[in-house]
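S.K.: Could you have a look at this structure, given as structure tokens, before my questions?
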Amino acid sequence: MYQRTRENLANTLGVDPSPELSAVHVALLRGELGRPSEHRRTNVRAELTSFVGKDADVAAVRELTAEHRLTTLIGPGGSGKTRLATETARTLLDDLPDGAWLVELAAVGADGDVAHATLAALGLRDALLGEAPSDAEPTDRAVAAVRDRAMLLILDNCEHVIESAAAFAHRMLGECRRLRILATSREPLGIIGEALWPVAPLALPAEDADPDEIASSPAVRLLRSRAGAVRKDLVADARTLSTMARICRALDGMPLAIELAAARSRTLSLDQLAHRLDDRFRLLTGGSRTALPRHRTLRAVIDWSWELLTDAERTVLRRLSVFSGGASLEAAERVCAGGAVGTGQVLDLLTALTEKSLVLAEGDRAPRYRMLGTVKEYAEQRLAEAGEAEPTRRAHLACFTELAAAAEPHLRRAGQLEWLAVLTAEHDNIGAAMRGALAAGDADGAMRLAAAAGWYWWLGGHKAEGNELIMAAVALPGEVPAETRALVYAFVVQFVTSGQQGDQYRAAEWIHRAYAISRGVRSRHPALEFVVPLERMLHAPDAFLPALEPLLAHEDPWVCAMARLHLGKTRIMLGHAGRDADAHLEAALTEFRALGERWGIAFARTELAERLAVRGDFAGACAHYEQAVAVVTEVGAIEDAVRMRSLQAQLYWLLGDAESSAAAMAEAQRYAERAAWPNVLAELALAQAELARWNGDAAQAHRQLDLATALLGDDAGRAIVRAILQDLLGYLATDHDEARTHRIAAFRAASEAGHAPLIARALVGTADLALRDEQYEQAARLLAASARVRGLPDRSQPDVARIEQAARHHLGAARFTEATQEGTRADWRDLAARTLPG
């Protein structure tokens, strides 16, 4: 690369590129070196610090400078434009007969003369000014001085004199054919033929980077280098490197900000520094005494850019700070316009701010406009100073409430993925709008957004965040329309019942609230159609089924499909698991597929998979899970995929496919690491405990149960959770009395929960205890009672087959059949009481 650069320069300058004859010797022989400032070939000063993390940039800029006569390095203040320019110039010196000269324009006033600064930088004597008389205009004198010279001028910090810098560069390049210019500016000079190189912040380590990857990232290398110079006790262990990564990410990888932070590390620990960066403008003030005034504090860096803006540019910049994760043009026009700024002006103003390196435009088809964190924080302060924080917040909230409300109906139709993509792009803005409403105590605004975004949070894999924000919204006092409040309460029910194994008591409270309000609501959102059946279920579980049946003829096909799905699922939960339940599930799947509603498809396939697994069709169940995982990951609901994959792992084990079982569990683990919904890791640990027990690894099973219990916290006390935990502990117990204690606890918890499959599971566990007591007839009776409660024998639990085989072996086929018939006719509570006294 360097050789090609040398050849490009040599061809332009008319110099022999032969390595045997240096460029300086060639120029001297041709009489073309005027020796500005005697023997000096550059005024670029030697640096006191290493140049970290920009080797590739130096090579790229070197190439651009060789191929183009004007190259401009653009970027925000503190990004390292000057240093990159001077480091590049040093690599070019051997190919520049008349050297490289730094023209510092920072001290030049806005009306200052760039030519004067250039003449001063070159240090040329009047005698060397060629044909220009001593009273000639400065630009004429500069042209005369440089006309035949093969040199590089570095016009540094052009932004405040951009017009005069552009005019000067244009004239010099036009009349000095062997001249090249490397400019630095926060915006382009805007000359035809200008090559641009955006100076990006230093690369940051990935969020999941290991210590070695963190240590090798350019941003952290710079922080380590500079902090290590001011404190000698700096260690590089994993914890310290993680803290350094946090600091660098908070500062967007901006070199100047990192250097200022490193200077602060002399009196603050890195942990203290990381915690205080929310107040970065007061914290980062310890710049070099020899630096330009605007580079001595972080605020001064941004102040310099702010002062160069027009009033309209300042207005858009400060209003843009209300966005989180960037803004589309349409959203920016909606929120940033107003007052002296018209909607039609916003695009031009955003373009100007982008060219001035204060705003980043990302994406080709539909650019999004965002600011680096430091600029955003500065603009937020300016927004507050202007008294515009509250009206801008309200405009932002209205914008994203309307977007979420427009998208919401499409999330239950074939356009699901398209609209999910729209909302996902604005996810941070939706969350920021909600948090802004919450902070302002804006109950109406918060509840309207919760009603519009609730289904998106659920469907798109943001259950934990959605639950947090919705619960905060309903806690705000204030007047809210009844329909909005009822709908949000319905979403609360959905989140609460699907939390850490579900909270039936909290769910009942919110069902009552939603029902009380929804009775007076005319307009019916699909979610509200299920409030009445839920309310009736609280009074009598069997009343849920007849309350659902009218919804099968609802005008909204999504409501029909969901009602059918719940009919099938509820029949199973109540122990009415005949063929009608399967028919409802199959029909629901067909209806959801016709709608293109992926969450409903996955829900139906999961229920069907469990039914097939219970019947012993493990391969068919695995196929349903596979397709269910495909659709939930398509919409981003990875939390749901964790349970599906872990159950699939158990089925592969039952099929004797250990390799597929391990692969499915490993994938469940990977999904769980990315999930935020609280019950995900606990469910995974329970599934792993079950598999470990089946494999005979009691120690691993106990470890996973302990992990699940710790993850569940207070939720481990809920009936459903207690039943599952105690059932597993009953199998693992080696002491007979201990096993009995766990069996009693599991049966009581399952009876309290009232779910037929859970009761059936507890009866199988009780049969295992009877088997330990050598009560083989009782074991057979309990297995039969379990199958009756569930509606059919459970072939997905290997314990059923084990207990049945042992009981049949000891009783013989005839007596086993008799005991089974007795168990089918008996009351399951009475059977359990015989084995579990007390």
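Chain labels follow the order of the structure tokens: the first chain is A, the next B, and so on; residue numbering restarts at 1 in every chain, and ligands are counted from 1 in their shown order.
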Extract the full set of alpha helix (DSSP H) residues from range 63-124 of chain A according to DSSP on the backbone, and format it as a list in words.

M.R.: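 DSSP on the backbone gives alpha helix (DSSP H) at Glu63, Leu64, Thr65, Ala66, Glu67, Lys81, Thr82, Arg83, Leu84, Ala85, Thr86, Glu87, Thr88, Ala89, Arg90, Thr91, Leu92, Val114, Ala115, His116, Ala117, Thr118, Leu119, Ala120, Ala121 and Leu122 of chain A.
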
S.K.: Do a neighbour search on Ala666 in chain A at 12 Å with only C-alpha atoms, toss out local chain neighbours closer than 2 positions, and write the hits as a list in words.

M.R.: Val642, Arg645, Ser646, Gln648, Ala649, Glu659, Ser660, Ser661, Ala662, Ala663, Ala664, Ala668, Gln669, Arg670, Tyr671, Ala672, Glu673, Leu684 and Gln688 of chain A

S.K.: Save out the residues we just selected, C-alpha atoms, as a short mmCIF file (atom, residue, chain, number, x, y, z; two decimals), in the first residue's frame.

M.R.:
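Result file out.cif:
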```
data_model
loop_
_atom_site.label_atom_id
_atom_site.label_comp_id
_atom_site.auth_asym_id
_atom_site.auth_seq_id
_atom_site.Cartn_x
_atom_site.Cartn_y
_atom_site.Cartn_z
CA VAL A 642 -36.52 -21.54 25.90
CA ARG A 645 -36.43 -26.29 23.32
CA SER A 646 -36.04 -27.62 26.87
CA GLN A 648 -37.99 -30.88 23.11
CA ALA A 649 -34.71 -31.96 24.74
CA GLU A 659 -27.14 -36.02 20.73
CA SER A 660 -30.30 -34.17 19.66
CA SER A 661 -31.35 -33.86 23.29
CA ALA A 662 -28.07 -32.20 24.24
CA ALA A 663 -28.23 -29.89 21.21
CA ALA A 664 -31.79 -28.78 22.02
CA ALA A 668 -32.41 -23.43 25.14
CA GLN A 669 -29.50 -22.25 27.27
CA ARG A 670 -28.37 -19.81 24.57
CA TYR A 671 -31.86 -18.38 24.28
CA ALA A 672 -32.13 -18.08 28.06
CA GLU A 673 -28.94 -16.03 28.21
CA LEU A 684 -34.82 -24.01 32.16
CA GLN A 688 -32.45 -29.60 33.31
#
```

S.K.: When distances are computed from only C-alpha atoms, which of A:Met537, A:Leu96, A:Val58, A:Ala543 shows the smallest separation from Ala508 in chain A?

M.R.: A:Met537

S.K.: What does the structure give for the distance between CA of Asp156 in chain A and CA of Arg69 in chain A, in Å to one decimal?

M.R.: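 Pair CA of Asp156 in chain A / CA of Arg69 in chain A returns 15.8 Å.
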
S.K.: Could you name the residues that touch range 139-154 of chain A at 6 Å or less, counting only C-alpha atoms, but leaving out those on the same chain fewer than 5 positions away, as a PyMOL selection string?

M.R.: chain A and resi 96-103+115+129-130+132+176+178-183

S.K.: Restricting it to N, CA and C atoms, dump the selection as a tab-separated table (two decimals), in the first residue's frame.

M.R.:
```tsv
chain	number	residue	atom	x	y	z
A	96	LEU	N	7.33	13.82	-0.11
A	96	LEU	CA	6.98	15.22	-0.31
A	96	LEU	C	8.27	16.06	-0.32
A	97	PRO	N	8.75	16.43	-1.50
A	97	PRO	CA	10.01	17.18	-1.58
A	97	PRO	C	10.01	18.44	-0.73
A	98	ASP	N	8.88	19.12	-0.65
A	98	ASP	CA	8.83	20.37	0.10
A	98	ASP	C	8.11	20.23	1.43
A	99	GLY	N	7.90	18.99	1.86
A	99	GLY	CA	7.45	18.75	3.22
A	99	GLY	C	5.95	18.88	3.43
A	100	ALA	N	5.56	18.76	4.71
A	100	ALA	CA	4.18	18.86	5.15
A	100	ALA	C	4.09	19.94	6.21
A	101	TRP	N	3.09	20.84	6.07
A	101	TRP	CA	3.04	22.02	6.92
A	101	TRP	C	1.65	22.16	7.54
A	102	LEU	N	1.65	22.26	8.86
A	102	LEU	CA	0.40	22.36	9.62
A	102	LEU	C	0.00	23.82	9.77
A	103	VAL	N	-1.19	24.14	9.27
A	103	VAL	CA	-1.74	25.50	9.39
A	103	VAL	C	-2.84	25.44	10.44
A	115	ALA	N	-5.05	32.73	4.57
A	115	ALA	CA	-3.77	32.89	3.89
A	115	ALA	C	-2.69	33.38	4.84
A	129	LEU	N	9.21	34.76	-1.87
A	129	LEU	CA	7.82	34.83	-2.28
A	129	LEU	C	7.64	34.99	-3.77
A	130	GLY	N	8.68	34.75	-4.52
A	130	GLY	CA	8.57	34.73	-5.98
A	130	GLY	C	8.21	36.08	-6.54
A	132	ALA	N	5.40	37.81	-6.22
A	132	ALA	CA	4.45	38.64	-5.49
A	132	ALA	C	5.16	39.75	-4.75
A	176	CYS	N	-1.63	26.04	-7.82
A	176	CYS	CA	-0.42	25.35	-7.34
A	176	CYS	C	-0.61	23.85	-7.63
A	178	ARG	N	1.18	21.23	-7.83
A	178	ARG	CA	1.87	20.16	-7.11
A	178	ARG	C	1.52	20.16	-5.61
A	179	LEU	N	0.57	21.00	-5.28
A	179	LEU	CA	0.14	21.12	-3.87
A	179	LEU	C	-0.97	20.12	-3.56
A	180	ARG	N	-0.92	19.58	-2.36
A	180	ARG	CA	-2.02	18.77	-1.82
A	180	ARG	C	-2.45	19.37	-0.49
A	181	ILE	N	-3.73	19.26	-0.21
A	181	ILE	CA	-4.25	19.80	1.05
A	181	ILE	C	-4.97	18.69	1.80
A	182	LEU	N	-4.65	18.58	3.08
A	182	LEU	CA	-5.34	17.68	4.01
A	182	LEU	C	-5.99	18.58	5.05
A	183	ALA	N	-7.32	18.68	5.01
A	183	ALA	CA	-8.04	19.57	5.93
A	183	ALA	C	-8.71	18.77	7.04
```

S.K.: Can you pull out every residue within 6 Å of range 310-326 of chain A, counting only C-alpha atoms, but drop anything in the same chain fewer than 3 positions away, and send it as a ChimeraX atom specification?

M.R.: /A:336,349,368-370,376,379-380,383,428-429

S.K.: Got time to write the residues from that selection, C-alpha atoms, as an mmCIF file, in the first residue's frame?

M.R.:
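Below is the file result04.cif, written as the result:
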```
data_model
loop_
_atom_site.group_PDB
_atom_site.id
_atom_site.type_symbol
_atom_site.label_atom_id
_atom_site.label_comp_id
_atom_site.auth_asym_id
_atom_site.auth_seq_id
_atom_site.Cartn_x
_atom_site.Cartn_y
_atom_site.Cartn_z
ATOM 1 C CA CYS A 336 -38.573 18.965 16.120
ATOM 2 C CA LEU A 349 -31.484 21.359 9.184
ATOM 3 C CA ARG A 368 -32.205 7.449 11.090
ATOM 4 C CA TYR A 369 -30.762 10.452 12.823
ATOM 5 C CA ARG A 370 -29.042 10.098 16.160
ATOM 6 C CA LYS A 376 -27.181 14.119 23.319
ATOM 7 C CA ALA A 379 -28.444 18.989 23.843
ATOM 8 C CA GLU A 380 -30.728 17.799 26.649
ATOM 9 C CA LEU A 383 -33.399 21.868 25.809
ATOM 10 C CA ASP A 428 -36.073 2.629 22.506
ATOM 11 C CA ASN A 429 -38.271 5.609 21.664
#
```

S.K.: Nearest to Trp455 in chain A: which of A:Arg524, A:Arg571, A:His116, A:Arg412 is it, counting only C-alpha atoms?

M.R.: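 Checking each of A:Arg524, A:Arg571, A:His116, A:Arg412 against Trp455 in chain A, counting only C-alpha atoms, the winner is A:Arg412.
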
S.K.: Please provide the set of residues having any atom within 10 Å of Arg83 in chain A, restricted to only C-alpha atoms, with same-chain residues fewer than 2 positions apart removed, written as a list of chain:residue names.

M.R.: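 Neighbouring residues, sequence-local ones excluded: A:Glu47, A:Phe51, A:Lys54, A:Val58, A:Ser79, A:Gly80, A:Lys81, A:Ala85, A:Thr86, A:Glu87, A:Thr88, A:Ala89, A:Thr184.
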
S.K.: Just give me the gap between CA of Glu479 in chain A and CA of Gly338 in chain A in Å, one decimal is fine.

M.R.: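 Between CA of Glu479 in chain A and CA of Gly338 in chain A the gap works out to 28.3 Å.
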
S.K.: For range 393-407 of chain A, find every residue with an atom within 9 Å (counting only C-alpha atoms), except residues of its own chain fewer than 4 positions away, and show them as number ranges by chain.

M.R.: A: 319, 322-323, 331, 334-336, 388-389, 411, 416, 419-420, 422-423, 426, 429-430, 432-434, 436-437, 445-446, 448-453, 456

S.K.: Create the file for the chosen residues now, containing N, CA and C atoms and written as a compact mmCIF listing (two decimals), in the first residue's frame.

M.R.:
```txt
# COMPACT_ATOMS: atom_id res chain seq x y z
N ARG A 319 -34.05 19.69 20.38
CA ARG A 319 -35.29 18.91 20.39
C ARG A 319 -35.03 17.46 20.00
N VAL A 322 -34.57 14.44 22.64
CA VAL A 322 -35.61 13.70 23.33
C VAL A 322 -35.73 12.28 22.79
N PHE A 323 -35.19 12.04 21.60
CA PHE A 323 -35.27 10.70 21.01
C PHE A 323 -34.24 9.77 21.65
N ALA A 331 -40.56 11.13 12.18
CA ALA A 331 -40.68 11.42 13.61
C ALA A 331 -39.97 12.71 13.96
N ARG A 334 -42.05 15.59 13.02
CA ARG A 334 -43.19 15.73 13.93
C ARG A 334 -42.79 16.39 15.25
N VAL A 335 -41.63 16.01 15.78
CA VAL A 335 -41.25 16.44 17.12
C VAL A 335 -40.40 17.70 17.11
N CYS A 336 -39.54 17.86 16.11
CA CYS A 336 -38.57 18.96 16.12
C CYS A 336 -39.11 20.24 15.50
N GLU A 388 -38.01 24.10 26.85
CA GLU A 388 -38.75 23.31 25.88
C GLU A 388 -38.84 21.82 26.25
N ALA A 389 -38.31 21.45 27.39
CA ALA A 389 -38.24 20.02 27.73
C ALA A 389 -39.62 19.38 27.80
N LEU A 411 -50.65 -6.42 14.42
CA LEU A 411 -49.84 -7.42 15.11
C LEU A 411 -50.60 -8.73 15.30
N GLN A 416 -47.92 -8.94 10.57
CA GLN A 416 -47.28 -8.96 11.88
C GLN A 416 -45.78 -8.63 11.82
N TRP A 419 -44.97 -4.94 10.75
CA TRP A 419 -45.24 -3.93 11.79
C TRP A 419 -44.38 -4.15 13.03
N LEU A 420 -44.04 -5.39 13.31
CA LEU A 420 -43.09 -5.63 14.40
C LEU A 420 -41.75 -4.96 14.10
N VAL A 422 -41.30 -2.29 12.31
CA VAL A 422 -41.48 -0.85 12.51
C VAL A 422 -41.35 -0.50 13.99
N LEU A 423 -42.04 -1.26 14.84
CA LEU A 423 -42.00 -0.96 16.27
C LEU A 423 -40.66 -1.31 16.89
N GLU A 426 -38.32 1.40 16.63
CA GLU A 426 -38.63 2.50 17.54
C GLU A 426 -38.75 2.03 18.99
N ASN A 429 -37.44 4.41 21.57
CA ASN A 429 -38.27 5.61 21.66
C ASN A 429 -39.58 5.34 22.40
N ILE A 430 -40.17 4.18 22.17
CA ILE A 430 -41.41 3.84 22.88
C ILE A 430 -41.14 3.75 24.38
N ALA A 432 -38.64 5.19 26.00
CA ALA A 432 -38.29 6.52 26.50
C ALA A 432 -39.53 7.39 26.66
N ALA A 433 -40.48 7.27 25.72
CA ALA A 433 -41.72 8.03 25.82
C ALA A 433 -42.49 7.63 27.07
N MET A 434 -42.53 6.32 27.35
CA MET A 434 -43.24 5.85 28.54
C MET A 434 -42.54 6.32 29.82
N GLY A 436 -40.66 8.87 30.18
CA GLY A 436 -40.86 10.31 30.30
C GLY A 436 -42.22 10.63 30.88
N ALA A 437 -43.26 9.92 30.43
CA ALA A 437 -44.61 10.14 30.97
C ALA A 437 -44.68 9.76 32.44
N GLY A 445 -51.23 10.02 29.57
CA GLY A 445 -50.26 9.72 28.51
C GLY A 445 -49.64 8.35 28.68
N ALA A 446 -49.28 7.99 29.92
CA ALA A 446 -48.65 6.69 30.16
C ALA A 446 -49.62 5.55 29.88
N ARG A 448 -52.32 5.58 27.90
CA ARG A 448 -52.62 5.47 26.47
C ARG A 448 -51.49 4.73 25.73
N LEU A 449 -50.25 5.04 26.09
CA LEU A 449 -49.15 4.34 25.45
C LEU A 449 -49.10 2.88 25.87
N ALA A 450 -49.39 2.60 27.13
CA ALA A 450 -49.42 1.21 27.60
C ALA A 450 -50.48 0.41 26.85
N ALA A 451 -51.64 1.03 26.61
CA ALA A 451 -52.70 0.34 25.87
C ALA A 451 -52.29 0.08 24.43
N ALA A 452 -51.56 1.02 23.84
CA ALA A 452 -51.14 0.87 22.44
C ALA A 452 -49.98 -0.10 22.28
N ALA A 453 -49.06 -0.13 23.25
CA ALA A 453 -47.82 -0.91 23.11
C ALA A 453 -47.84 -2.23 23.88
N TYR A 456 -47.46 -5.33 21.75
CA TYR A 456 -46.11 -5.35 21.14
C TYR A 456 -45.09 -5.85 22.14
```

S.K.: Counting only C-alpha atoms, which residue out of A:Ala682, A:Ala386, A:Ala332, A:Leu204 sits closest to Asp348 in chain A?

M.R.: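 Counting only C-alpha atoms, the residue closest to Asp348 in chain A is A:Ala332.
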